[in-house]
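*Asks:* Next comes entry-v3.pdb, PDB, C-alpha atoms:
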ATOM      1  CA  MET A 873     -20.258 -11.811  -6.707  1.00  0.00           C
ATOM      2  CA  GLU A 874     -20.535 -14.370  -9.536  1.00  0.00           C
ATOM      3  CA  ASN A 875     -18.135 -17.305  -9.871  1.00  0.00           C
ATOM      4  CA  GLN A 876     -16.359 -16.506  -6.619  1.00  0.00           C
ATOM      5  CA  VAL A 877     -14.570 -19.497  -5.070  1.00  0.00           C
ATOM      6  CA  VAL A 878     -16.053 -20.144  -1.631  1.00  0.00           C
ATOM      7  CA  ASP A 879     -14.288 -23.367  -0.582  1.00  0.00           C
ATOM      8  CA  ILE A 880     -11.784 -25.923  -1.829  1.00  0.00           C
ATOM      9  CA  ASP A 881     -11.692 -29.473  -0.493  1.00  0.00           C
ATOM     10  CA  TRP A 882      -9.017 -31.935  -1.580  1.00  0.00           C
ATOM     11  CA  ARG A 883      -7.713 -35.405  -0.803  1.00  0.00           C
ATOM     12  CA  PHE A 884      -5.183 -37.914  -2.031  1.00  0.00           C
ATOM     13  CA  GLY A 885      -6.045 -41.583  -2.207  1.00  0.00           C
ATOM     14  CA  VAL A 886      -4.782 -44.969  -3.288  1.00  0.00           C
ATOM     15  CA  THR A 887      -7.009 -47.499  -4.989  1.00  0.00           C
ATOM     16  CA  GLY A 888      -6.927 -50.544  -2.731  1.00  0.00           C
ATOM     17  CA  ALA A 889      -9.116 -52.884  -4.754  1.00  0.00           C
ATOM     18  CA  SER A 890     -10.761 -52.815  -8.154  1.00  0.00           C
ATOM     19  CA  SER A 891     -12.356 -55.212 -10.620  1.00  0.00           C
ATOM     20  CA  ASP A 892      -9.630 -53.918 -12.966  1.00  0.00           C
ATOM     21  CA  LYS A 893      -6.419 -55.276 -11.420  1.00  0.00           C
ATOM     22  CA  SER A 894      -4.306 -52.679 -13.270  1.00  0.00           C
ATOM     23  CA  GLN A 895      -6.008 -49.930 -11.212  1.00  0.00           C
ATOM     24  CA  GLU A 896      -5.030 -51.394  -7.826  1.00  0.00           C
ATOM     25  CA  GLY A 897      -2.416 -49.304  -6.041  1.00  0.00           C
ATOM     26  CA  LYS A 898      -2.975 -46.282  -8.302  1.00  0.00           C
ATOM     27  CA  ILE A 899      -2.630 -42.877  -6.631  1.00  0.00           C
ATOM     28  CA  PHE A 900      -5.317 -40.273  -7.313  1.00  0.00           C
ATOM     29  CA  PHE A 901      -6.131 -36.717  -6.288  1.00  0.00           C
ATOM     30  CA  GLN A 902      -9.677 -35.452  -5.777  1.00  0.00           C
ATOM     31  CA  LEU A 903     -10.506 -31.766  -5.736  1.00  0.00           C
ATOM     32  CA  LYS A 904     -13.899 -30.182  -5.043  1.00  0.00           C
ATOM     33  CA  ILE A 905     -14.229 -26.477  -5.700  1.00  0.00           C
ATOM     34  CA  THR A 906     -17.331 -24.804  -4.294  1.00  0.00           C
ATOM     35  CA  TYR A 907     -18.174 -21.500  -5.918  1.00  0.00           C
ATOM     36  CA  ASN A 908     -20.943 -18.912  -5.833  1.00  0.00           C
ATOM     37  CA  THR A 909     -22.825 -18.686  -9.142  1.00  0.00           C
ATOM     38  CA  GLY A 910     -24.621 -15.522  -8.095  1.00  0.00           C
ATOM     39  CA  GLU A 911     -27.771 -17.599  -7.622  1.00  0.00           C
ATOM     40  CA  GLY A 912     -26.348 -20.082  -5.125  1.00  0.00           C
ATOM     41  CA  LEU A 913     -23.452 -22.390  -4.433  1.00  0.00           C
ATOM     42  CA  LYS A 914     -22.293 -25.025  -6.891  1.00  0.00           C
ATOM     43  CA  ASP A 915     -19.659 -27.778  -6.584  1.00  0.00           C
ATOM     44  CA  LEU A 916     -17.135 -28.622  -9.264  1.00  0.00           C
ATOM     45  CA  PRO A 917     -15.617 -32.069  -8.592  1.00  0.00           C
ATOM     46  CA  VAL A 918     -12.356 -33.042 -10.322  1.00  0.00           C
ATOM     47  CA  GLU A 919     -10.338 -36.272 -10.097  1.00  0.00           C
ATOM     48  CA  MET A 920      -6.782 -36.595 -11.406  1.00  0.00           C
ATOM     49  CA  ASP A 921      -4.156 -39.294 -11.545  1.00  0.00           C
ATOM     50  CA  LEU A 922      -0.704 -38.507 -10.182  1.00  0.00           C
ATOM     51  CA  ASN A 923       0.709 -37.225 -13.495  1.00  0.00           C
ATOM     52  CA  GLN A 924      -2.280 -34.940 -14.043  1.00  0.00           C
ATOM     53  CA  PHE A 925      -1.882 -33.636 -10.500  1.00  0.00           C
ATOM     54  CA  TYR A 926       1.769 -32.725 -11.116  1.00  0.00           C
ATOM     55  CA  MET A 927       0.823 -30.902 -14.342  1.00  0.00           C
ATOM     56  CA  PHE A 928      -1.952 -29.074 -12.453  1.00  0.00           C
ATOM     57  CA  LEU A 929       0.495 -28.141  -9.679  1.00  0.00           C
ATOM     58  CA  HIS A 930       2.986 -26.827 -12.231  1.00  0.00           C
ATOM     59  CA  GLU A 931       0.289 -24.620 -13.794  1.00  0.00           C
ATOM     60  CA  LEU A 932      -0.714 -23.289 -10.355  1.00  0.00           C
ATOM     61  CA  GLU A 933       2.913 -22.398  -9.661  1.00  0.00           C
ATOM     62  CA  LYS A 934       3.068 -20.478 -12.958  1.00  0.00           C
ATOM     63  CA  VAL A 935      -0.091 -18.558 -12.040  1.00  0.00           C
ATOM     64  CA  LYS A 936       1.337 -17.803  -8.582  1.00  0.00           C
ATOM     65  CA  ASN A 937       4.502 -16.409 -10.157  1.00  0.00           C
ATOM     66  CA  VAL A 938       2.527 -14.194 -12.515  1.00  0.00           C
ATOM     67  CA  LEU A 939       0.408 -12.861  -9.650  1.00  0.00           C
ATOM     68  CA  GLU A 940       3.428 -12.242  -7.415  1.00  0.00           C
ATOM     69  CA  TYR A 941       5.912 -10.894  -9.941  1.00  0.00           C
ATOM     70  CA  GLY A 942       3.838  -9.871 -12.949  1.00  0.00           C
ATOM     71  CA  ASN A 943       5.902 -11.981 -15.399  1.00  0.00           C
TER      72      ASN A 943
END
For the file at hand, write its structure as C-alpha cells.

*Replies:*
Amino acid sequence: MENQVVDIDWRFGVTGASSDKSQEGKIFFQLKITYNTGEGLKDLPVEMDLNQFYMFLHELEKVKNVLEYGN
C-alpha cells in the first residue's frame, strides 16, 4: 500500500546551549514519520517550536473529531 504510515517517533527537547544565546532554553518538538512509498520505507523528519506544536495538535484534534463524528 502506497504512502501508508508505518511508524511515528517523537520527542520534546530543550535547547541547553547554542551559539545564538536567544535560542538557549527554547522548547522544541521533533517528529519522524516513517511511511511506505510502495517501493520501500521513507522517513519524513519535522521539527517545530512550541507554538507550531500547539497549532499542529489543534489540527490533529480537528481531524480526530471529523473521523469520530463526521462533522

*Asks:* Taking 4 positions as the minimum chain separation for residues in the same chain, which residues sit within 8 Å of Thr887 of chain A when counting all atoms listed in the file? Answer as a list in words.

*Replies:*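 So, after excluding close chain neighbours, the residues are Gln895, Glu896, Gly897, Lys898, Ile899 and Phe900 of chain A.
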
*Asks:* Between atom CA of Leu916 of chain A and atom CA of Lys904 of chain A, what is the distance in Å, rounded to a tenth?

*Replies:*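 Distance reported for this atom pair: 5.5 Å.
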
*Asks:* Between A:Arg883, A:Phe901, A:Lys893, A:Gly888, which residue has the minimum interatomic distance to Leu922 of chain A, considering all atoms listed in the file?

*Replies:*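 Smallest separation from Leu922 of chain A among the options: A:Phe901.
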
*Asks:* If the PyMOL selection byres ((chain A and resi 914) around 12) were run on this exact file, what residues would it hold? Put them as a list in words.

*Replies:* Glu874, Asn875, Gln876, Val877, Val878, Asp879, Ile880, Lys904, Ile905, Thr906, Tyr907, Asn908, Thr909, Gly910, Glu911, Gly912, Leu913, Asp915, Leu916 and Pro917 of chain A

*Asks:* What lies within 12 Å of segment 924-929 of chain A using only C-alpha atoms, ignoring chain neighbours under 2 positions off, as JSON, numbers by chain?

*Replies:* {"A": [882, 883, 884, 899, 900, 901, 902, 903, 918, 919, 920, 921, 922, 931, 932, 933, 934, 935, 936]}
